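Student: Quick one: this structure, given as structure tokens, is what I'll be asking you about.
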Amino acid sequence: MFKLLTTRTATRAQITSRLIQNAFESTTSTAPIEQVPRFVTYEYFLARTTNMSLPVYLEVKKNKAVKHTLIQRIEGDISKLRQELSDELGISPSKIKVKPPRAIKITGDHTEAICEWLTAKGF
């Protein structure tokens, strides 16, 4: 490639086509079809913030005595997300409240566990 780029007889079209071909070869996947990750669809979606972080927040009240975890920007089936939080993270269903219009409020500090769980799910 460098020989083609350094010779004076190479035209721009030859240089451009060679660069495009090399870029295409480096981006194509050689993995077998069964190893290529598949997209998973859920019945709910969490939109990330403008900073590209997860919309999971800790709310502290009454001089740090009461802590609540807030999950905001939920689109889709909120009750399905509530059920999965209860099943997979072991949070009691009585501690998980749906807060209109698109949020969930959980009693206690579960921000780290929820962020790790959502990241593992691909959000």
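So you can find residues: chains in the structure tokens are A, B, ... in the order shown, residues in each start at 1, and ligands are numbered from 1 in order.
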I'd like the contact shell of Arg82 (chain A) - 9 Å cut-off, only C-alpha atoms, skipping same-chain residues fewer than 6 positions apart - returned as a list in words.

Tutor: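 In the requested format, the answer is Pro93, Ile96, Lys97, Val98 and Ile104 of chain A.
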
Student: Within 8 Å of Leu89 (chain A), counting only C-alpha atoms, which residues qualify if same-chain residues fewer than 5 places away don't, as a PDB file with all heavy atoms, in the first residue's frame?

Tutor:
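Heads up, here's the output in around.pdb:
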```pdb
ATOM      1  N   GLU A  84     -39.250  -7.758  36.861  1.00  0.00           N
ATOM      2  CA  GLU A  84     -37.888  -8.246  36.670  1.00  0.00           C
ATOM      3  C   GLU A  84     -36.946  -7.731  37.755  1.00  0.00           C
ATOM      4  O   GLU A  84     -36.042  -8.450  38.185  1.00  0.00           O
ATOM      5  CB  GLU A  84     -37.378  -7.873  35.285  1.00  0.00           C
ATOM      6  CG  GLU A  84     -38.005  -8.686  34.186  1.00  0.00           C
ATOM      7  CD  GLU A  84     -37.366  -8.455  32.836  1.00  0.00           C
ATOM      8  OE1 GLU A  84     -36.229  -7.916  32.782  1.00  0.00           O
ATOM      9  OE2 GLU A  84     -38.003  -8.796  31.833  1.00  0.00           O
ATOM     10  N   ALA A 113     -26.417  -1.769  42.228  1.00  0.00           N
ATOM     11  CA  ALA A 113     -26.899  -3.069  41.755  1.00  0.00           C
ATOM     12  C   ALA A 113     -27.765  -2.904  40.507  1.00  0.00           C
ATOM     13  O   ALA A 113     -27.647  -3.682  39.550  1.00  0.00           O
ATOM     14  CB  ALA A 113     -27.687  -3.764  42.863  1.00  0.00           C
ATOM     15  N   ILE A 114     -28.610  -1.881  40.490  1.00  0.00           N
ATOM     16  CA  ILE A 114     -29.489  -1.663  39.341  1.00  0.00           C
ATOM     17  C   ILE A 114     -28.682  -1.229  38.123  1.00  0.00           C
ATOM     18  O   ILE A 114     -28.934  -1.696  37.004  1.00  0.00           O
ATOM     19  CB  ILE A 114     -30.590  -0.642  39.690  1.00  0.00           C
ATOM     20  CG1 ILE A 114     -31.552  -1.260  40.703  1.00  0.00           C
ATOM     21  CG2 ILE A 114     -31.342  -0.193  38.450  1.00  0.00           C
ATOM     22  CD1 ILE A 114     -32.563  -0.306  41.275  1.00  0.00           C
TER      23      ILE A 114
END
```

Student: Quick one: distance from CA of Cys115 (chain A) to CA of Pro55 (chain A) in Å, one decimal?

Tutor: 8.9 Å

Student: What does the distance from CA of Ser94 (chain A) to CA of Thr107 (chain A) come to in Å, to one decimal?

Tutor: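 Between CA of Ser94 (chain A) and CA of Thr107 (chain A) the gap works out to 9.0 Å.
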
Student: So the first atom is CA of Asn51 (chain A) and the second is CA of Trp117 (chain A); what is the distance between them in Å, to one decimal place?

Tutor: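 Atom-to-atom, CA of Asn51 (chain A) and CA of Trp117 (chain A) are spaced 19.3 Å apart.
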
Student: Considering only C-alpha atoms, can you say which of A:Val56, A:Lys95, A:Lys62, A:Arg102 comes closest to Gln83 (chain A)?

Tutor: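 Once distances to Gln83 (chain A) are computed over only C-alpha atoms, the minimum belongs to A:Lys95.
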
Student: Would you kindly return, as a ChimeraX atom specification, each protein, DNA or RNA residue with an atom no farther than 12 Å from any atom of Val66 (chain A), considering only C-alpha atoms and excluding same-chain residues fewer than 4 positions away?

Tutor: /A:58-62,106-109

Student: As a ChimeraX atom specification, please: the residues near region 38-47 of chain A (cut-off 10 Å, only C-alpha atoms, same-chain neighbours under 4 positions excluded).

Tutor: /A:33-34,52-56,71-81,102-103,118,121-123

Student: Any chance you could export the current selection's N, CA, C and O atoms as a CSV table (one decimal), in the first residue's frame?

Tutor:
```
chain,number,residue,atom,x,y,z
A,33,ILE,N,-21.1,-17.3,12.3
A,33,ILE,CA,-22.5,-16.7,12.5
A,33,ILE,C,-23.0,-17.0,13.9
A,33,ILE,O,-23.6,-16.1,14.5
A,34,GLU,N,-22.7,-18.1,14.5
A,34,GLU,CA,-23.3,-18.4,15.8
A,34,GLU,C,-22.6,-17.6,16.9
A,34,GLU,O,-23.1,-17.5,18.0
A,52,MET,N,-25.1,10.4,28.5
A,52,MET,CA,-25.1,9.0,28.2
A,52,MET,C,-24.9,8.1,29.4
A,52,MET,O,-24.3,7.1,29.4
A,53,SER,N,-25.5,8.6,30.6
A,53,SER,CA,-25.5,7.7,31.8
A,53,SER,C,-26.9,7.2,32.0
A,53,SER,O,-27.8,7.7,31.4
A,54,LEU,N,-27.0,6.1,32.8
A,54,LEU,CA,-28.2,5.5,33.1
A,54,LEU,C,-29.1,6.4,34.0
A,54,LEU,O,-28.5,7.1,34.9
A,55,PRO,N,-30.4,6.5,33.7
A,55,PRO,CA,-31.2,7.4,34.6
A,55,PRO,C,-31.6,6.8,35.9
A,55,PRO,O,-32.8,6.6,36.2
A,56,VAL,N,-30.6,6.4,36.7
A,56,VAL,CA,-30.8,5.8,38.0
A,56,VAL,C,-30.2,6.7,39.0
A,56,VAL,O,-29.0,7.1,39.0
A,71,ILE,N,-35.7,5.3,39.3
A,71,ILE,CA,-35.4,4.9,37.9
A,71,ILE,C,-36.3,5.7,37.0
A,71,ILE,O,-37.5,5.6,37.1
A,72,GLN,N,-35.8,6.6,36.2
A,72,GLN,CA,-36.6,7.5,35.4
A,72,GLN,C,-36.4,7.2,33.9
A,72,GLN,O,-35.6,6.3,33.5
A,73,ARG,N,-37.2,7.9,33.0
A,73,ARG,CA,-37.1,7.8,31.6
A,73,ARG,C,-37.5,6.4,31.1
A,73,ARG,O,-36.8,5.8,30.2
A,74,ILE,N,-38.4,5.8,31.7
A,74,ILE,CA,-38.9,4.4,31.3
A,74,ILE,C,-39.9,4.5,30.2
A,74,ILE,O,-40.9,5.3,30.4
A,75,GLU,N,-39.7,3.8,29.1
A,75,GLU,CA,-40.7,3.7,28.1
A,75,GLU,C,-41.2,2.3,27.9
A,75,GLU,O,-40.3,1.4,28.0
A,76,GLY,N,-42.4,2.1,27.7
A,76,GLY,CA,-42.9,0.7,27.5
A,76,GLY,C,-43.6,0.2,28.7
A,76,GLY,O,-44.3,0.9,29.5
A,77,ASP,N,-43.5,-1.1,29.0
A,77,ASP,CA,-44.2,-1.8,30.0
A,77,ASP,C,-43.4,-1.6,31.4
A,77,ASP,O,-42.5,-2.4,31.7
A,78,ILE,N,-43.9,-0.7,32.2
A,78,ILE,CA,-43.2,-0.4,33.5
A,78,ILE,C,-43.4,-1.6,34.4
A,78,ILE,O,-42.5,-1.9,35.2
A,79,SER,N,-44.6,-2.2,34.4
A,79,SER,CA,-44.9,-3.3,35.3
A,79,SER,C,-44.0,-4.5,35.0
A,79,SER,O,-43.6,-5.2,36.0
A,80,LYS,N,-43.6,-4.7,33.8
A,80,LYS,CA,-42.7,-5.8,33.4
A,80,LYS,C,-41.3,-5.5,34.0
A,80,LYS,O,-40.6,-6.4,34.6
A,81,LEU,N,-40.8,-4.3,33.9
A,81,LEU,CA,-39.5,-3.9,34.5
A,81,LEU,C,-39.6,-4.1,36.0
A,81,LEU,O,-38.7,-4.6,36.7
A,102,ARG,N,-43.4,8.2,34.2
A,102,ARG,CA,-42.5,7.2,33.6
A,102,ARG,C,-41.3,6.9,34.6
A,102,ARG,O,-40.2,6.9,34.2
A,103,ALA,N,-41.6,6.5,35.8
A,103,ALA,CA,-40.5,6.3,36.8
A,103,ALA,C,-40.9,5.2,37.8
A,103,ALA,O,-42.1,4.9,37.9
A,118,LEU,N,-28.6,-3.3,34.7
A,118,LEU,CA,-29.1,-2.7,33.4
A,118,LEU,C,-27.9,-2.8,32.4
A,118,LEU,O,-28.2,-3.0,31.2
A,121,LYS,N,-27.7,-6.1,30.9
A,121,LYS,CA,-28.8,-6.4,30.0
A,121,LYS,C,-28.6,-5.6,28.7
A,121,LYS,O,-29.4,-5.9,27.7
A,122,GLY,N,-27.7,-4.7,28.6
A,122,GLY,CA,-27.4,-4.0,27.3
A,122,GLY,C,-28.0,-2.6,27.2
A,122,GLY,O,-28.0,-2.0,26.2
A,123,PHE,N,-28.5,-2.0,28.3
A,123,PHE,CA,-29.0,-0.7,28.3
A,123,PHE,C,-27.9,0.4,28.4
A,123,PHE,O,-26.9,0.2,28.8
```
